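For reference, the structure is listed below as structure tokens.
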There are 8 protein chains.
Amino acid sequence: MIIVNNRELRLDAARERRTGIAEAVFAPGKTPQQCADAVAGLLATTAGPVVLTRATPAQVRTAQVRATQVRATQVRATQVRAMQAIADEATVTETGPHLTVTWRKAPSRVGVVALVTAGTADLPVAREAEAVLSAYGIGTDLVADAGVAGLHRIIDQTAALKSADVVIVVAGMEGALASVVAGLTAAPVVAVPTSVGYGAALAGITALLAMLASCSPGITVVGIDNGFGAACAALRILNRDRLDGPLE
Amino acid sequence: MIIVNNRELRLDAARERRTGIAEAVFAPGKTPQQCADAVAGLLATTAGPVVLTRATPAQVRTAQVRATQVRATQVRATQVRAMQAIADEATVTETGPHLTVTWRKAPSRVGVVALVTAGTADLPVAREAEAVLSAYGIGTDLVADAGVAGLHRIIDQTAALKSADVVIVVAGMEGALASVVAGLTAAPVVAVPTSVGYGAALAGITALLAMLASCSPGITVVGIDNGFGAACAALRILNRDRLDGPLE
Amino acid sequence: MIIVNNRELRLDAARERRTGIAEAVFAPGKTPQQCADAVAGLLATTAGPVVLTRATPAQVRTAQVRATQVRATQVRATQVRAMQAIADEATVTETGPHLTVTWRKAPSRVGVVALVTAGTADLPVAREAEAVLSAYGIGTDLVADAGVAGLHRIIDQTAALKSADVVIVVAGMEGALASVVAGLTAAPVVAVPTSVGYGAALAGITALLAMLASCSPGITVVGIDNGFGAACAALRILNRDRLDGPLE
Amino acid sequence: MIIVNNRELRLDAARERRTGIAEAVFAPGKTPQQCADAVAGLLATTAGPVVLTRATPAQVRTAQVRATQVRATQVRATQVRAMQAIADEATVTETGPHLTVTWRKAPSRVGVVALVTAGTADLPVAREAEAVLSAYGIGTDLVADAGVAGLHRIIDQTAALKSADVVIVVAGMEGALASVVAGLTAAPVVAVPTSVGYGAALAGITALLAMLASCSPGITVVGIDNGFGAACAALRILNRDRLDGPLE
Amino acid sequence: MIIVNNRELRLDAARERRTGIAEAVFAPGKTPQQCADAVAGLLATTAGPVVLTRATPAQVRTAQVRATQVRATQVRATQVRAMQAIADEATVTETGPHLTVTWRKAPSRVGVVALVTAGTADLPVAREAEAVLSAYGIGTDLVADAGVAGLHRIIDQTAALKSADVVIVVAGMEGALASVVAGLTAAPVVAVPTSVGYGAALAGITALLAMLASCSPGITVVGIDNGFGAACAALRILNRDRLDGPLE
Amino acid sequence: MIIVNNRELRLDAARERRTGIAEAVFAPGKTPQQCADAVAGLLATTAGPVVLTRATPAQVRTAQVRATQVRATQVRATQVRAMQAIADEATVTETGPHLTVTWRKAPSRVGVVALVTAGTADLPVAREAEAVLSAYGIGTDLVADAGVAGLHRIIDQTAALKSADVVIVVAGMEGALASVVAGLTAAPVVAVPTSVGYGAALAGITALLAMLASCSPGITVVGIDNGFGAACAALRILNRDRLDGPLE
Amino acid sequence: MIIVNNRELRLDAARERRTGIAEAVFAPGKTPQQCADAVAGLLATTAGPVVLTRATPAQVRTAQVRATQVRATQVRATQVRAMQAIADEATVTETGPHLTVTWRKAPSRVGVVALVTAGTADLPVAREAEAVLSAYGIGTDLVADAGVAGLHRIIDQTAALKSADVVIVVAGMEGALASVVAGLTAAPVVAVPTSVGYGAALAGITALLAMLASCSPGITVVGIDNGFGAACAALRILNRDRLDGPLE
Amino acid sequence: MIIVNNRELRLDAARERRTGIAEAVFAPGKTPQQCADAVAGLLATTAGPVVLTRATPAQVRTAQVRATQVRATQVRATQVRAMQAIADEATVTETGPHLTVTWRKAPSRVGVVALVTAGTADLPVAREAEAVLSAYGIGTDLVADAGVAGLHRIIDQTAALKSADVVIVVAGMEGALASVVAGLTAAPVVAVPTSVGYGAALAGITALLAMLASCSPGITVVGIDNGFGAACAALRILNRDRLDGPLE
């Protein structure tokens, strides 16, 4: 039996229809079994991609096993077979100390998101965004290691910044890259502060504040290291002409 | 002579072509004369709306006079006449303790931005966003006083939230409205924390942090009381298929 | 001999009579032996439940052994026999990385506390509250995983919220659930911010501030992750017509 | 015509039925006219007390005039006459730099709330709580200037603390009074940190943190200087056996 | 009599010889008379420029009068006459809400400091630096309004940045300009965060942290709005081959 | 009638006997009448000095009038006459923006407190300490304007630092003077951080933290700008062999 | 050879004569060899106790070996023999996760310090103070586990508080015990905030702020968990009539 | 093939020519392979020293192997041979918990940097600065363990402070040493706050703020524990007359 709702778990199956993005499973603080139940339940009750974020290897292993065992009594048998096939195809991405896992990748869609990072150490956060966008069928264009200390590295990429549908800027330390990028493109800019740096970088607080106080108008910001959130913000922008579900 | 660049002022006339939004004039810390020079210079060198934010009445008066005196030597005479006519039509909006002034309103365009506020005291920030969007020809749909303590007030407006191209949520205190709204719509959600509240509201820091840490995925956040920034973020989303200017 | 007061330990045996809740043993920073002495001393000198919070397995093991050895010279022999029987029945609950242990469960009493959590990761804190309430004979009603991103999950539980004598809301991240719950019920609402989340969640500070700055009037707040404190606050509310002890 | 809902105001008339406490009007950031409209609208659509908090004299004057002019077309004439009579009887309380105004005092009810303050300077916050409780028919017992530097001042009042149904502790500086009071009574303790003090008192943050980190179990805390919130928390506790309204 | 040292004032006359920069008079918290005594005392006991910072008009008036009255008994008469002539020539600069006053300008020296500001509102802080450098005979090159949202404004000035002996970058909001400038020049870069901005700019804290956490190596930072300190840092760099005084 | 205890005031008359220092009246947040009642009550019920701190001129005027009207019914007539005579002799000290007033100066006693300030702007806080110590009969030795940028200013005063019974160091900005002083003397060092400075001085927080984290062992610290507290700490040290009162 | 000063170590041998307390060795960040060199050097060049604080077992082992090998060429042979004998007698105290080690205990002196802790978990910090005081020959009187939730525990100890020469209060969480103790005694009160507690206790910041903002006048505060500093503060108070060394 | 630019790495080879200091490799968050690629790429495309900071042993091992394998196709063979020879000579310095590695030491140049530390525990940060300066051919003069509690230790070194071209002050705890040093020398002073200390030292924040708020004019500050940044700031000062590269 697929556990969709029990004493500890209350899946929001309708969220996909309301917001265009299915509920994701946030792994920290959950037991491997709770992760697995949530993933399996979402596979059984939603139609699109399912995402598990910030998971440990143990949580991923359990979730993968569970996903392949989906045997739902409350769904049709054909649906079960389809789900099981999909479940086998978990995509696991290393995103820094965590793993991001996605199931049931959506078909490719129109739209490109430019992922710009200030340094190589910001890559894991960018990869979390990339994994989520990829699961939803959105292509990405990575512009890595483009910190403002060497401006030509980002100016050289202006064409990519201008042609993107959304630009996600991932930067730690002082986060100045977001201000520079927003001055070079008319695209929506979603800035992700990262905890890269030490001392006065304050584990990402400095980049966060800097992005919020930017002199470049129209930058929006998500939480520290929140590549998943940035991807969802991009999806909301790209989903605009596509969704049409009633509120539960 | 219109002062476009002098020892103290270096207008970024090309920003409009690069980012779809002309440089705006941030009034605090500028003398009335500096505000006036900047507004007049932008009217002379750009084609679209010009915006003055967070101004005092004295700054606005000087800027209005200056705008009507635009006598540019470096632009064509017909252009000057057109500008002067437009300059007379400054639109002044009371946005809390400040004034927001716009010149040369753009023609109406497709796209609707829903402006949702938690309480009546958040209105001035919403009005700043409204004034900027209106200057750029974007229509808005105001859903005011919809704080989560009485959920029906926001649930009743679900249709408006779902049909909007962008939803801007303006909320102080604990800022919970952003999380609730993002769960009800697939539209991009731009959250603006406000300094409404006292004590533990920490002049907007609490709402800011809460919006960044939201359990609803895909919310993006701008700075505290930054209605102007939220409007610019919405413009970036709505401008996507419209712009095409070379980088200066 | 039961150590009730020594150079390092000064049990407040009269607290139970004064406040309706016996002194609890806060394990961090205590040696296993100090934990054991405090538990045994409280079992020997009080009449109701004894609680050990945030303990490690080593602290629990020592305390359990000690509790079964209670041989008090300063109490009556019959009392000792009764205590020993009770001591064997330690109830151990996993509450996140810590253990909560209770001894000598009180008889069931009238009153129901609704325990509402925003997400599955908030469960350990809710369980700490549950363990303490249960030790004092109070029944609980768990409404888990009811975060505001999917409002129906909490609206569906309105009946439970309205019929509860006290509602404890346990939420991390932005803590918006407390505001929503308080708008749905007339019951006393005790909010517990948790350290669930990362980055801008600031290890619970964000939820804490948000709950304190809530737009829903009448919410009260306890410390971050303090499920024990929330249970005690509920006990104070439920104890109102029951207590009658002189101040020491 | 009474403005109950307009573009800027969306009264939550059903909140009284849902939570036992009608929506209150938070004055800061509202124009006097907006305050007046909200007060008049609430008088027209609710049955119990109406409260305006943290108002300036100008806001109060406008609200009083408006309240006496209530001429509702959407309510019955007899209801209007009753309201008008009540509206004349606004009760204005000086609560520090602000005014708290209440209309339509409820009949006296069973229940006593002890209001304990650490110093004379904490009185305005206690008076805000007192004004709200009084409007709802709850009697209060003031124990002022009982700071812990002279312990006998609070120990002498133990009887009052023990017999109260709820104890509200109002304290600034280091807020230690809450910890001491909670050790002397079994009643629910609602602590209100105040901004009394200077320098390291951090405008109330210090008292707030101290109350949350108290060693006395079961203290709950509301926001800094939030006497209104403390009163509402007490009302929720005292309302427990009285309410029975359907959710809107 | 010139008051050089009294109960309240203890001038450090030897500082000029030890550090190359005479003690300056920090006006806030001093009475006009105390300011005047300090200025007059320094004119009487030192050889180079004397600086009064962050003064009010009242403080400046009193200091000017006092400076012209210098009649020292402990210095030679010819010295007095020279001082008095110089004292008449106070140079008053408006530096935001404060005034900076300098006396006894030093002869021009080799060395150029580039003063770069992000926006027009940062000018007052830059002007404080300019006034101090000018008093010490150092020429400045102002590059104002060069914020990173329009990169060409600073890239166009690369020659000035490269030829300067020291570059002082003055920026509020997110302070990104410092990172960009340091990537364009080999000169020493002294960054001054300003309190320009609002909300998340945190009165300069955000720019301060961002400058400290910059990805561009070799930036040094002084306090918020501390144009005086930046000028002194530049003087220390330019003074390197010039000083030779024994420690008092 | 002298108001010693009423609904709003609960004087701790026994504090003088318990702690050697009578309750002082903290003026902020009190009405002039409340200040006056407290001062008069303390004059009537205690034997030593009475202190009013951080008062406005209005509060002082009212308190002075009231003090001269002391006509107590519950004290002996001779006592009244003595008090009235003393009350006329209020000593008013300007301590920055506030006034400190003392009544009934104690006879001079053995013991000297060195008051060391970093700059002239720190004097008002030092004067508050001086006024309180003087009221209690303790002599002081002022070493002003001895900031560490010119070390000889403090090294020159080593003899004073060594012979003092207590050294109070008053410093804002970075507060380094406390560390230096504590390395030069064996006397108890009480450090008072002040709010002198701006920007990164964080209104005294920086000096406070620096004094607490000092590398010089044995420094103790009181609150920001708390000259009164420092004086009381010194009194406790000097009172050691003098007191002998039973606990109330 | 005893290393007293080398490239990395510059012992302040004269500090003992200047301040009454020899330089102590702060272990964190030092290699075991650096700790050992410092301890040995101090044993060779000073006359009184030597203290090593916050050391790991490895640091202690190395320091002990080194101390027993003291073979100084620059000191007299008899002195060497005396030192070696003393060095063998290192006293190691467990002070939480760290070790405090003292060598060459001073003869007992007049004076008693009361060490009061709020809870058992505060004991390690109190023990650090105890170890240092004991090394200097000062007796202590431990009053442990006297938190204010059970006031009688501290009121019962009033005699000890009154007879002590200095009272050191060690408390975490909300640190209220310091305020209560200072109201019960005329002795100097040195408060030590500890990092005991979790969440809103903010690792000791809450107790620190509360102690600084106390309503009880005359409390002085040292850094978080700084039992060593509190002991030194007490020594300064007790040393007053004993010292007489020239400044180096 | 040497990887100079790939999907994850975008070396800024021209930075050396623009700023006088080649891009350094910041190890945290990079895989060993990414570190190695960056080091090898920089060796192949730049002429001066290459620096790897804050590396783990694993990162260093991989980088060393890679550096010795440099076989660039895009550079001349003779250049490759030269590089390989140099690559073997990696200099590894222990800088606290991290390693700093430099390759291709530059010839010795004129200029001396004084490195002053407050305590032995600050040495690792000073050593990071020393390693970088040494790689660039700059000599250093170490003045260690010169904390202000024993002033003679720093006053004795005044000659070294005065003759240095730049003084770098490395201090944790309260960071007072920077203020004292800047009062003793006319040289440029670069202050590095360190995370040495505990509790109120706030992991370096206290020293950072204190240095920024210093009463000694002209101190500049870099980030917490940022010895690398201080060295680069010194290089910028020393490089002034040496550089001459075009902007890429």
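In the structure tokens, each chain is lettered A, B, ... as it comes, each chain's residues begin at 1, and ligands are numbered from 1 in order of appearance.
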| request: Compute the set of chain D residues within 10 Å of chain G, using only C-alpha atoms, and express it as number ranges by chain. | output: D: 118-119, 147-151, 155, 172-184, 197-202, 205-217
| message | as a ChimeraX atom specification, please: the residues near Ile138 of chain E (cut-off 7 Å, only C-alpha atoms, same-chain neighbours under 2 positions excluded). | response | /E:108-112,133-134,136,140
Can those selected residues be exported to a file as a compact mmCIF listing (two decimals), in the first residue's frame so that it contains N, CA, C and O atoms?
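Full text of result-v2.txt as output:
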# COMPACT_ATOMS: atom_id res chain seq x y z
N SER E 108 50.98 71.66 -1.46
CA SER E 108 50.67 70.52 -2.32
C SER E 108 51.84 69.56 -2.39
O SER E 108 53.00 69.97 -2.36
N ARG E 109 51.49 68.27 -2.44
CA ARG E 109 52.52 67.24 -2.49
C ARG E 109 52.26 66.32 -3.67
O ARG E 109 51.18 66.30 -4.25
N VAL E 110 53.23 65.52 -3.98
CA VAL E 110 53.07 64.51 -5.01
C VAL E 110 52.08 63.45 -4.54
O VAL E 110 52.03 63.12 -3.36
N GLY E 111 51.32 62.88 -5.45
CA GLY E 111 50.38 61.82 -5.11
C GLY E 111 48.98 62.20 -5.47
O GLY E 111 48.56 63.34 -5.23
N VAL E 112 48.23 61.24 -6.05
CA VAL E 112 46.84 61.49 -6.41
C VAL E 112 45.99 60.36 -5.86
O VAL E 112 46.34 59.18 -6.01
N LEU E 133 42.22 65.13 2.68
CA LEU E 133 43.37 64.98 1.78
C LEU E 133 43.85 66.33 1.29
O LEU E 133 45.05 66.61 1.24
N SER E 134 42.91 67.18 0.94
CA SER E 134 43.26 68.51 0.45
C SER E 134 44.01 69.29 1.52
O SER E 134 44.99 69.98 1.23
N TYR E 136 45.94 68.17 3.64
CA TYR E 136 47.30 67.63 3.72
C TYR E 136 48.05 67.77 2.40
O TYR E 136 49.12 67.19 2.21
N THR E 140 43.06 65.11 -5.48
CA THR E 140 42.12 64.02 -5.65
C THR E 140 41.50 64.07 -7.04
O THR E 140 41.46 65.09 -7.69
| message | What's around Asp145 of chain A at 8 Å? Count only C-alpha atoms, leave out sequence neighbours fewer than 3 positions away in its own chain, and write the answer as a list in words. | response | Val116, Thr117, Ala118, Gly119, Thr120 and Arg153 of chain A; Glu8, Leu9, Arg10 and Leu11 of chain H
Just write the chosen residues, all heavy atoms, as a PDB file, in the first residue's frame.
ATOM      1  N   VAL A 116      24.436  31.170 -13.539  1.00  0.00           N
ATOM      2  CA  VAL A 116      25.710  31.875 -13.455  1.00  0.00           C
ATOM      3  C   VAL A 116      26.263  31.717 -12.044  1.00  0.00           C
ATOM      4  O   VAL A 116      25.553  31.980 -11.073  1.00  0.00           O
ATOM      5  CB  VAL A 116      25.514  33.372 -13.762  1.00  0.00           C
ATOM      6  CG1 VAL A 116      26.862  34.072 -13.868  1.00  0.00           C
ATOM      7  CG2 VAL A 116      24.711  33.566 -15.030  1.00  0.00           C
ATOM      8  N   THR A 117      27.515  31.271 -11.930  1.00  0.00           N
ATOM      9  CA  THR A 117      28.101  31.175 -10.590  1.00  0.00           C
ATOM     10  C   THR A 117      29.324  32.068 -10.495  1.00  0.00           C
ATOM     11  O   THR A 117      30.067  32.234 -11.461  1.00  0.00           O
ATOM     12  CB  THR A 117      28.526  29.734 -10.220  1.00  0.00           C
ATOM     13  OG1 THR A 117      29.714  29.406 -10.924  1.00  0.00           O
ATOM     14  CG2 THR A 117      27.432  28.736 -10.532  1.00  0.00           C
ATOM     15  N   ALA A 118      29.536  32.575  -9.292  1.00  0.00           N
ATOM     16  CA  ALA A 118      30.689  33.447  -9.078  1.00  0.00           C
ATOM     17  C   ALA A 118      31.981  32.647  -9.021  1.00  0.00           C
ATOM     18  O   ALA A 118      33.007  33.060  -9.541  1.00  0.00           O
ATOM     19  CB  ALA A 118      30.505  34.230  -7.783  1.00  0.00           C
ATOM     20  N   GLY A 119      31.929  31.479  -8.397  1.00  0.00           N
ATOM     21  CA  GLY A 119      33.139  30.683  -8.267  1.00  0.00           C
ATOM     22  C   GLY A 119      32.813  29.205  -8.381  1.00  0.00           C
ATOM     23  O   GLY A 119      31.652  28.790  -8.330  1.00  0.00           O
ATOM     24  N   THR A 120      33.861  28.425  -8.482  1.00  0.00           N
ATOM     25  CA  THR A 120      33.685  26.984  -8.599  1.00  0.00           C
ATOM     26  C   THR A 120      33.004  26.410  -7.363  1.00  0.00           C
ATOM     27  O   THR A 120      32.244  25.449  -7.449  1.00  0.00           O
ATOM     28  CB  THR A 120      35.071  26.333  -8.805  1.00  0.00           C
ATOM     29  OG1 THR A 120      35.696  26.990  -9.914  1.00  0.00           O
ATOM     30  CG2 THR A 120      34.958  24.862  -9.098  1.00  0.00           C
ATOM     31  N   ARG A 153      35.108  38.003 -17.658  1.00  0.00           N
ATOM     32  CA  ARG A 153      34.516  36.666 -17.632  1.00  0.00           C
ATOM     33  C   ARG A 153      32.994  36.706 -17.704  1.00  0.00           C
ATOM     34  O   ARG A 153      32.361  35.792 -18.220  1.00  0.00           O
ATOM     35  CB  ARG A 153      34.953  35.925 -16.362  1.00  0.00           C
ATOM     36  CG  ARG A 153      36.452  35.636 -16.360  1.00  0.00           C
ATOM     37  CD  ARG A 153      36.854  34.847 -15.159  1.00  0.00           C
ATOM     38  NE  ARG A 153      36.620  35.590 -13.921  1.00  0.00           N
ATOM     39  CZ  ARG A 153      37.045  35.202 -12.725  1.00  0.00           C
ATOM     40  NH1 ARG A 153      37.699  34.058 -12.597  1.00  0.00           N
ATOM     41  NH2 ARG A 153      36.816  35.924 -11.662  1.00  0.00           N
TER      42      ARG A 153
ATOM     43  N   GLU H   8      33.553  24.385 -15.759  1.00  0.00           N
ATOM     44  CA  GLU H   8      33.494  24.725 -14.334  1.00  0.00           C
ATOM     45  C   GLU H   8      34.553  25.743 -13.907  1.00  0.00           C
ATOM     46  O   GLU H   8      34.510  26.234 -12.791  1.00  0.00           O
ATOM     47  CB  GLU H   8      33.690  23.451 -13.505  1.00  0.00           C
ATOM     48  CG  GLU H   8      32.606  22.415 -13.781  1.00  0.00           C
ATOM     49  CD  GLU H   8      32.727  21.212 -12.875  1.00  0.00           C
ATOM     50  OE1 GLU H   8      33.738  21.091 -12.174  1.00  0.00           O
ATOM     51  OE2 GLU H   8      31.787  20.391 -12.883  1.00  0.00           O
ATOM     52  N   LEU H   9      35.507  26.009 -14.759  1.00  0.00           N
ATOM     53  CA  LEU H   9      36.673  26.793 -14.388  1.00  0.00           C
ATOM     54  C   LEU H   9      36.903  27.864 -15.443  1.00  0.00           C
ATOM     55  O   LEU H   9      36.898  27.570 -16.637  1.00  0.00           O
ATOM     56  CB  LEU H   9      37.873  25.837 -14.357  1.00  0.00           C
ATOM     57  CG  LEU H   9      39.155  26.327 -13.711  1.00  0.00           C
ATOM     58  CD1 LEU H   9      38.956  26.511 -12.218  1.00  0.00           C
ATOM     59  CD2 LEU H   9      40.264  25.316 -13.959  1.00  0.00           C
ATOM     60  N   ARG H  10      37.075  29.060 -15.044  1.00  0.00           N
ATOM     61  CA  ARG H  10      37.269  30.143 -16.002  1.00  0.00           C
ATOM     62  C   ARG H  10      38.376  31.019 -15.419  1.00  0.00           C
ATOM     63  O   ARG H  10      38.096  32.001 -14.738  1.00  0.00           O
ATOM     64  CB  ARG H  10      35.960  30.922 -16.108  1.00  0.00           C
ATOM     65  CG  ARG H  10      35.753  31.741 -17.356  1.00  0.00           C
ATOM     66  CD  ARG H  10      34.360  32.367 -17.315  1.00  0.00           C
ATOM     67  NE  ARG H  10      33.320  31.387 -17.249  1.00  0.00           N
ATOM     68  CZ  ARG H  10      32.610  30.982 -18.298  1.00  0.00           C
ATOM     69  NH1 ARG H  10      32.775  31.531 -19.462  1.00  0.00           N
ATOM     70  NH2 ARG H  10      31.686  30.058 -18.154  1.00  0.00           N
ATOM     71  N   LEU H  11      39.630  30.660 -15.679  1.00  0.00           N
ATOM     72  CA  LEU H  11      40.736  31.374 -15.048  1.00  0.00           C
ATOM     73  C   LEU H  11      40.829  32.796 -15.574  1.00  0.00           C
ATOM     74  O   LEU H  11      40.627  33.056 -16.748  1.00  0.00           O
ATOM     75  CB  LEU H  11      42.041  30.619 -15.286  1.00  0.00           C
ATOM     76  CG  LEU H  11      42.127  29.263 -14.579  1.00  0.00           C
ATOM     77  CD1 LEU H  11      43.445  28.592 -14.897  1.00  0.00           C
ATOM     78  CD2 LEU H  11      41.951  29.425 -13.076  1.00  0.00           C
TER      79      LEU H  11
END
| said: Using DSSP secondary structure from the backbone, list all helix (DSSP H, G or I) positions within segment 5-241 of chain G, as a PyMOL selection string. | reply: chain G and resi 15-19+32-45+57-68+77-87+120-135+148-150+152-155+158-163+176-182+199-212+227-238
| message | Show me, as a ChimeraX atom specification, the residues that have an atom within 7 Å of segment 43-56 of chain E when counting only C-alpha atoms, minus same-chain residues fewer than 4 positions from it. | response | /E:13,22,24-28,39,60,83,98-106,135-136
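For the atom pair formed by atom CA of Pro188 of chain A and atom CA of Pro124 of chain A, the distance is 21.9 Å, given to one decimal.
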| request: Would you list the contacts of Gln33 of chain G as a PyMOL selection string, taking every protein, DNA or RNA residue within 9 Å and counting only C-alpha atoms, but skipping same-chain residues closer than 5 positions in sequence? | output: chain G and resi 38+59+62-63+66
Requested write-out: all heavy atoms of the selected residues, as a short mmCIF file (atom, residue, chain, number, x, y, z; two decimals), in the first residue's frame:
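Result file is again27.cif:
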data_model
loop_
_atom_site.label_atom_id
_atom_site.label_comp_id
_atom_site.auth_asym_id
_atom_site.auth_seq_id
_atom_site.Cartn_x
_atom_site.Cartn_y
_atom_site.Cartn_z
N ALA G 38 55.40 28.03 27.34
CA ALA G 38 54.87 29.17 28.08
C ALA G 38 54.78 28.85 29.57
O ALA G 38 55.15 29.67 30.42
CB ALA G 38 53.50 29.56 27.52
N GLN G 59 47.57 18.83 25.29
CA GLN G 59 48.29 20.04 25.70
C GLN G 59 48.76 19.92 27.15
O GLN G 59 49.86 20.34 27.50
CB GLN G 59 47.41 21.28 25.51
CG GLN G 59 47.19 21.64 24.04
CD GLN G 59 46.14 22.72 23.86
OE1 GLN G 59 45.11 22.69 24.54
NE2 GLN G 59 46.37 23.66 22.96
N THR G 62 51.84 17.45 27.57
CA THR G 62 53.10 18.06 27.14
C THR G 62 53.55 19.12 28.13
O THR G 62 54.74 19.22 28.48
CB THR G 62 52.94 18.68 25.74
OG1 THR G 62 52.40 17.69 24.87
CG2 THR G 62 54.27 19.17 25.19
N ALA G 63 52.62 19.91 28.59
CA ALA G 63 52.99 20.98 29.51
C ALA G 63 53.52 20.41 30.82
O ALA G 63 54.47 20.94 31.41
CB ALA G 63 51.78 21.88 29.77
N ARG G 66 57.07 19.12 30.32
CA ARG G 66 57.97 20.26 30.18
C ARG G 66 58.21 20.94 31.54
O ARG G 66 59.33 21.30 31.89
CB ARG G 66 57.34 21.24 29.19
CG ARG G 66 58.18 22.43 28.84
CD ARG G 66 59.21 22.08 27.77
NE ARG G 66 60.02 23.27 27.46
CZ ARG G 66 61.06 23.66 28.16
NH1 ARG G 66 61.45 22.95 29.18
NH2 ARG G 66 61.73 24.74 27.82
#
| request: Kindly give the distance, in Å, that separates atom CA of Asn5 of chain G and atom CA of Asp165 of chain H, rounded to a single decimal. | output: 25.3 Å
| remark: Separating atom CA of Gly41 of chain C from atom CA of Ile154 of chain G, to the nearest tenth of an Å, is a gap of 19.2 Å
| task | Might you pull out every residue within 8 Å of segment 190-194 of chain A, with only C-alpha atoms counted and same-chain residues fewer than 3 positions away left off, and present them as a ChimeraX atom specification? | result | /A:122,125,166-173,175,178,203-205,207-208,211,219-227,230,233-234 /B:220
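Here the question is which of A:Gly29, A:Leu235, A:Ala160, A:Arg18 gets nearest to Ala186 of chain A using only C-alpha atoms, and that residue is A:Ala160.
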